[in-house]
file model33.cif (mmCIF, C-alpha atoms and all ligand atoms)
data_final
loop_
_atom_site.label_atom_id
_atom_site.label_comp_id
_atom_site.auth_asym_id
_atom_site.auth_seq_id
_atom_site.Cartn_x
_atom_site.Cartn_y
_atom_site.Cartn_z
CA MET I 1 -8.65 15.49 -0.68
CA SER I 2 -6.12 17.30 -2.77
CA LEU I 3 -2.62 15.88 -2.81
CA ALA I 4 -1.35 18.28 -5.42
CA PRO I 5 0.59 20.71 -3.21
CA LEU I 6 2.30 17.91 -1.33
CA ARG I 7 3.15 16.05 -4.50
CA ARG I 8 4.66 19.19 -5.93
CA ILE I 9 6.87 19.58 -2.90
CA ALA I 10 7.65 15.95 -2.36
CA PHE I 11 8.72 15.18 -5.86
CA ARG I 12 10.63 18.27 -6.83
CA LEU I 13 13.74 16.53 -5.82
CA PRO I 14 16.64 15.52 -8.03
CA ALA I 15 19.23 17.78 -6.40
CA ALA I 16 18.30 17.09 -2.81
CA ALA I 17 17.54 13.46 -3.55
CA ALA I 18 21.04 12.89 -4.79
CA ARG I 19 22.16 13.10 -1.19
CA PHE I 20 20.09 10.05 -0.50
CA LYS I 21 21.90 7.90 -2.93
CA ARG I 22 22.27 4.51 -1.33
CA GLU I 23 25.39 2.46 -1.07
CA GLY I 24 24.71 -0.69 -3.04
CA GLY I 25 21.41 -2.55 -3.40
CA GLY I 26 19.71 -2.71 -0.02
CA GLY I 27 21.94 -0.02 1.39
CA ARG I 28 21.13 2.67 3.89
CA ALA I 29 20.65 6.39 3.58
CA ALA I 30 23.49 8.66 4.51
CA SER I 31 22.47 8.94 8.14
CA SER I 32 23.73 12.49 8.54
CA SER I 33 21.10 13.67 6.03
CA VAL I 34 18.10 12.40 7.95
CA VAL I 35 17.93 14.73 10.89
CA ALA I 36 14.93 16.08 12.72
CA ASN I 37 13.87 17.20 16.18
CA CYS I 38 11.15 16.08 18.51
CA ASP I 39 9.27 19.19 19.73
CA ARG I 40 7.48 17.68 22.71
CA SER I 41 8.57 19.62 25.76
CA GLU I 42 8.68 16.67 28.18
CA CYS I 43 10.36 14.26 25.74
CA PRO I 44 13.84 13.03 26.74
CA LEU I 45 14.90 13.48 23.13
CA LYS I 46 13.67 17.05 22.95
CA SER I 47 16.01 19.26 20.91
CA GLU I 48 18.35 16.36 20.32
CA ALA I 49 19.09 15.93 16.63
CA LEU I 50 17.43 12.68 15.68
CA SER I 51 19.33 11.08 12.90
CA ALA I 52 18.14 7.88 11.37
CA GLU I 53 19.02 5.37 8.74
CA ARG I 54 15.71 5.88 7.08
CA PHE I 55 12.87 8.32 6.80
CA LEU I 56 11.71 9.17 10.31
CA PHE I 57 7.99 9.76 10.83
CA SER I 58 7.91 9.92 14.58
CA CYS I 59 10.11 10.41 17.61
CA PRO I 60 11.61 7.05 18.65
CA SER I 61 11.03 7.95 22.29
CA CYS I 62 7.58 9.53 22.58
CA ARG I 63 6.17 8.53 19.17
CA ARG I 64 5.12 12.09 18.44
CA LEU I 65 5.05 12.77 14.69
CA ILE I 66 7.93 14.90 13.54
CA ASP I 67 7.60 17.96 11.38
CA HIS I 68 10.53 17.31 9.15
CA PRO I 69 12.27 20.41 7.77
CA GLU I 70 13.57 18.44 4.80
CA MET I 71 10.37 16.65 3.96
CA SER I 72 10.56 17.92 0.40
CA SER I 73 13.88 16.21 -0.21
CA PHE I 74 12.88 12.63 0.48
CA THR I 75 12.72 10.24 -2.41
CA CYS I 76 9.95 7.68 -2.61
CA PHE I 77 12.60 5.07 -1.93
CA ALA I 78 13.77 6.82 1.23
CA VAL I 79 10.19 7.02 2.49
CA PHE I 80 10.07 3.22 2.42
CA GLY I 81 13.64 2.79 3.58
CA ILE I 82 14.70 0.88 0.51
CA GLY I 83 17.55 1.23 -1.96
CA ARG I 84 17.16 3.43 -5.01
CA ASP I 85 16.91 0.55 -7.43
CA PHE I 86 14.54 -0.52 -10.14
CA ASP I 87 14.26 -3.96 -8.55
CA VAL I 88 11.80 -3.58 -5.70
CA ASP I 89 10.36 -6.37 -3.57
CA THR I 90 6.73 -5.38 -4.09
CA LYS I 91 5.46 -7.88 -1.51
CA ALA I 92 7.59 -6.24 1.16
CA LEU I 93 6.55 -2.83 -0.15
CA LYS I 94 2.85 -3.70 0.22
CA LYS I 95 3.45 -5.00 3.72
CA GLU I 96 5.29 -1.84 4.76
CA MET I 97 2.57 0.27 3.16
CA LYS I 98 -0.05 -1.37 5.38
CA THR I 99 2.07 -0.84 8.48
CA LEU I 100 2.63 2.85 7.69
CA GLN I 101 -0.99 3.44 6.72
CA THR I 102 -2.07 2.14 10.11
CA ALA I 103 0.61 4.01 12.05
CA LEU I 104 -0.06 7.30 10.29
CA HIS I 105 -3.83 7.17 9.94
CA PRO I 106 -5.06 10.73 10.54
CA ASP I 107 -8.12 9.48 12.45
CA LYS I 108 -5.84 8.17 15.19
CA PHE I 109 -4.46 11.65 15.70
CA ALA I 110 -7.77 13.40 15.26
CA MET I 111 -8.96 11.52 18.35
CA LEU I 112 -6.14 13.08 20.34
CA ASP I 113 -7.59 16.48 19.51
CA ASP I 114 -4.18 17.70 18.39
CA VAL I 115 -4.55 19.80 15.26
CA GLU I 116 -0.86 19.98 14.48
CA GLN I 117 -0.28 16.24 14.81
CA THR I 118 -3.39 15.48 12.78
CA SER I 119 -2.19 17.73 10.01
CA LEU I 120 1.25 16.09 10.07
CA ALA I 121 -0.38 12.67 9.92
CA GLU I 122 -2.29 13.82 6.85
CA SER I 123 0.89 15.07 5.19
CA TRP I 124 2.81 11.90 5.97
CA SER I 125 -0.05 9.68 4.82
CA SER I 126 -0.20 11.50 1.52
CA LEU I 127 3.55 11.24 1.10
CA VAL I 128 3.42 7.51 1.82
CA ASN I 129 0.53 7.00 -0.60
CA ASP I 130 2.19 8.96 -3.39
CA SER I 131 5.50 7.19 -2.84
CA TYR I 132 3.81 3.80 -2.86
CA ASN I 133 2.00 4.52 -6.10
CA ARG I 134 5.17 5.61 -7.80
CA LEU I 135 7.09 2.54 -6.67
CA LEU I 136 4.52 -0.22 -7.03
CA ARG I 137 4.30 -0.68 -10.78
CA PRO I 138 7.40 -1.14 -12.92
CA LEU I 139 6.52 1.49 -15.52
CA GLU I 140 5.91 4.29 -13.02
CA ARG I 141 8.96 3.22 -11.01
CA ALA I 142 11.18 3.26 -14.10
CA GLN I 143 9.92 6.70 -15.09
CA TYR I 144 10.51 7.97 -11.58
CA LEU I 145 14.06 6.58 -11.58
CA LEU I 146 14.72 8.34 -14.87
CA GLU I 147 13.50 11.58 -13.28
CA LEU I 148 15.83 11.05 -10.32
CA GLN I 149 18.70 10.54 -12.74
CA GLY I 150 17.85 13.91 -14.28
CA GLN I 151 16.75 12.10 -17.44
CA PRO I 152 12.94 12.30 -17.45
CA LEU I 153 11.26 10.67 -20.42
CA ALA I 154 9.73 13.49 -22.44
CA GLU I 155 6.78 12.98 -24.74
CA GLY I 156 7.96 12.23 -28.28
CA GLU I 157 11.60 12.22 -27.25
CA ILE I 158 12.26 8.64 -28.31
CA GLN I 159 11.76 7.84 -31.97
CA ILE I 160 9.72 4.69 -32.32
CA GLU I 161 10.33 2.81 -35.54
CA PRO I 162 7.38 2.02 -37.86
CA GLY I 163 7.84 -1.75 -37.53
CA PHE I 164 7.32 -1.55 -33.77
CA LEU I 165 4.27 0.68 -34.15
CA ALA I 166 2.75 -1.74 -36.68
CA GLU I 167 3.21 -4.56 -34.17
CA VAL I 168 1.51 -2.53 -31.43
CA MET I 169 -1.32 -1.57 -33.76
CA GLU I 170 -1.91 -5.21 -34.56
CA VAL I 171 -2.27 -6.15 -30.90
CA ASN I 172 -4.57 -3.18 -30.39
CA GLU I 173 -6.79 -4.44 -33.19
CA GLU I 174 -6.84 -7.92 -31.69
CA VAL I 175 -8.01 -6.42 -28.41
CA ALA I 176 -10.66 -4.33 -30.13
CA GLU I 177 -11.94 -7.32 -32.09
CA ALA I 178 -11.94 -9.79 -29.20
CA GLU I 179 -15.49 -11.05 -28.86
CA SER I 180 -15.25 -13.39 -25.92
CA PRO I 181 -13.40 -13.77 -22.63
CA ALA I 182 -11.51 -16.67 -24.22
CA ASP I 183 -10.23 -14.46 -27.08
CA LEU I 184 -9.16 -11.86 -24.58
CA SER I 185 -7.36 -14.08 -22.09
CA GLY I 186 -5.06 -15.38 -24.83
CA ILE I 187 -4.13 -11.84 -25.84
CA SER I 188 -3.74 -10.85 -22.21
CA GLU I 189 -1.36 -13.70 -21.40
CA ALA I 190 0.78 -12.88 -24.44
CA ASN I 191 0.87 -9.19 -23.59
CA LYS I 192 1.77 -9.88 -19.96
CA ALA I 193 4.68 -11.98 -21.17
CA VAL I 194 5.87 -9.10 -23.36
CA LEU I 195 5.62 -6.71 -20.41
CA LYS I 196 7.54 -9.14 -18.22
CA SER I 197 10.36 -9.31 -20.75
CA TYR I 198 10.49 -5.50 -20.82
CA VAL I 199 10.71 -5.38 -17.03
CA ALA I 200 13.69 -7.75 -17.17
CA LYS I 201 15.41 -5.66 -19.85
CA VAL I 202 14.76 -2.37 -18.07
CA SER I 203 16.09 -3.87 -14.85
CA LYS I 204 19.28 -4.98 -16.56
CA ALA I 205 19.76 -1.59 -18.22
CA PHE I 206 19.42 0.23 -14.87
CA ARG I 207 21.73 -2.22 -13.12
CA GLU I 208 24.35 -1.67 -15.77
CA GLY I 209 23.93 2.09 -15.69
CA ARG I 210 22.71 2.23 -19.30
CA ILE I 211 20.24 5.05 -18.72
CA ARG I 212 19.69 5.88 -22.37
CA ASP I 213 18.83 2.23 -23.12
CA ALA I 214 16.51 2.16 -20.13
CA LYS I 215 14.75 5.21 -21.52
CA VAL I 216 14.21 3.65 -24.95
CA LEU I 217 12.88 0.48 -23.34
CA VAL I 218 10.55 2.44 -21.09
CA ALA I 219 9.21 4.41 -24.08
CA ARG I 220 8.33 1.11 -25.78
CA MET I 221 7.03 -0.51 -22.63
CA LYS I 222 4.46 2.27 -22.33
CA TYR I 223 2.70 1.01 -25.44
CA PHE I 224 2.25 -2.48 -24.00
CA ASN I 225 1.15 -1.01 -20.69
CA THR I 226 -1.55 0.94 -22.50
CA ILE I 227 -2.62 -2.25 -24.27
CA GLN I 228 -2.86 -3.99 -20.89
CA ASP I 229 -5.07 -1.17 -19.60
CA LYS I 230 -7.36 -1.62 -22.59
CA ILE I 231 -7.46 -5.37 -21.97
CA VAL I 232 -8.46 -4.83 -18.35
CA GLU I 233 -11.13 -2.36 -19.46
CA LYS I 234 -12.57 -4.92 -21.82
CA GLU I 235 -12.25 -7.74 -19.27
CA THR I 236 -14.31 -5.59 -16.92
CA ALA I 237 -16.89 -5.11 -19.66
CA PHE I 238 -17.00 -8.89 -20.12
CA GLY I 239 -17.45 -9.30 -16.37
CA MET I 240 -14.13 -11.12 -16.07
CA VAL I 241 -12.75 -8.98 -13.27
CA GLY I 242 -13.90 -6.80 -10.42
ZN ZN I 301 9.89 12.75 21.48
#

call {"tool": "encode", "arguments": {"input": "model33.cif", "output": "structure tokens", "more": "lines below"}}
Ligand SMILES: [Zn+2]
result
Amino acid sequence: MSLAPLRRIAFRLPAAAARFKREGGGGRAASSSVVANCDRSECPLKSEALSAERFLFSCPSCRRLIDHPEMSSFTCFAVFGIGRDFDVDTKALKKEMKTLQTALHPDKFAMLDDVEQTSLAESWSSLVNDSYNRLLRPLERAQYLLELQGQPLAEGEIQIEPGFLAEVMEVNEEVAEAESPADLSGISEANKAVLKSYVAKVSKAFREGRIRDAKVLVARMKYFNTIQDKIVEKETAFGMVG
């Protein structure tokens, strides 16, 4: 299944997304921006502008999926009805993901023999999946927030000082030379602690509106994220996971 066209539409958003800026942390979307119509002829809400405090997948009356004219302008945060903040309750996000996946599962609609609704279910499912993946992990979420701020992190944009690179190289060598699960778990714990401290710093930078600082931190965090990927790869090879 190709998600590329949808992703291109769904995430080409800074200008439109700005309208969705939330008031405060767990705030709500500007309700006037989220408007759609139910197109079911016998629905009591037919042709009534449905405005909602969050992304609206289906008609509140007849549950028919809505073909939203402004689908392309929703941020990943709006899809999940949460504030546009770096700090995300990932447990709640996972729970909501499961609920939406069930509600929007294309097979449910395919059984109704309704081509249009099935196709909408597919679009919404893809949007939910893409949004979830961009919000779940701190690094991707931070990069996405930078994009929304009109400050995407470009390759090579942030100068990384030699001392930092030497430190990263050292950890990389430790990972490469690890010969046992015991060697590796020590390195993994240490690296996870480093990542955790970066998450805290990035969070603070975003909260305080220090976007440039957030960007520098994210550029560095990427290195430790890559190390963690390599650790997981090697853990898999050692039979420690999966
Ligand atoms: Zn309806």

call {"tool": "closest_atom_pairs", "arguments": {"input": "model33.cif", "of": "chain I", "to": "ligand ZN 301 (chain I)", "cutoff": "6 Å", "atoms": "all atoms listed in the file", "output": "tab-separated table"}}
result
residue	atom	partner	partner_atom	distance
I:Cys38	CA	I:ZN301	ZN	4.6
I:Arg40	CA	I:ZN301	ZN	5.6
I:Cys43	CA	I:ZN301	ZN	4.5
I:Leu45	CA	I:ZN301	ZN	5.3
I:Lys46	CA	I:ZN301	ZN	5.9
I:Cys59	CA	I:ZN301	ZN	4.5
I:Ser61	CA	I:ZN301	ZN	5.0
I:Cys62	CA	I:ZN301	ZN	4.1
I:Arg64	CA	I:ZN301	ZN	5.7

call {"tool": "atom_distance", "arguments": {"input": "model33.cif", "atom1": "CA of Gly239 (chain I)", "atom2": "CA of Ser197 (chain I)"}}
result
28.2 Å

call {"tool": "closest_residue", "arguments": {"input": "model33.cif", "among": "I:Val232, I:Leu135, I:Leu65, I:Ala182", "to": "Val115 (chain I)", "atoms": "all atoms listed in the file"}}
result
I:Leu65

call {"tool": "closest_residue", "arguments": {"input": "model33.cif", "among": "I:Ser185, I:Arg212, I:Ile66, I:Glu42", "to": "Glu116 (chain I)", "atoms": "all atoms listed in the file"}}
result
I:Ile66

call {"tool": "atom_distance", "arguments": {"input": "model33.cif", "atom1": "CA of Gly186 (chain I)", "atom2": "CA of Arg134 (chain I)"}}
result
28.9 Å

call {"tool": "closest_residue", "arguments": {"input": "model33.cif", "among": "I:Leu112, I:Val175, I:Asp87, I:Asp67", "to": "Asp229 (chain I)", "atoms": "only C-alpha atoms"}}
result
I:Val175

call {"tool": "residues_around", "arguments": {"input": "model33.cif", "residues": "Ala205 (chain I)", "least_positions_apart": "4", "cutoff": "12 Å", "atoms": "all atoms listed in the file", "output": "list of chain:residue names"}}
result
I:Asp85, I:Phe86, I:Asp87, I:Ala142, I:Leu145, I:Leu146, I:Tyr198, I:Val199, I:Ala200, I:Lys201, I:Gly209, I:Arg210, I:Ile211, I:Arg212, I:Asp213, I:Ala214, I:Lys215, I:Val216, I:Leu217, I:Val218

call {"tool": "residues_around", "arguments": {"input": "model33.cif", "residues": "Tyr144 (chain I)", "least_positions_apart": "3", "cutoff": "10 Å", "atoms": "all atoms listed in the file", "output": "JSON, numbers by chain"}}
result
{"I": [11, 75, 76, 86, 134, 135, 138, 139, 140, 141, 147, 148, 149, 150, 151, 152, 153]}
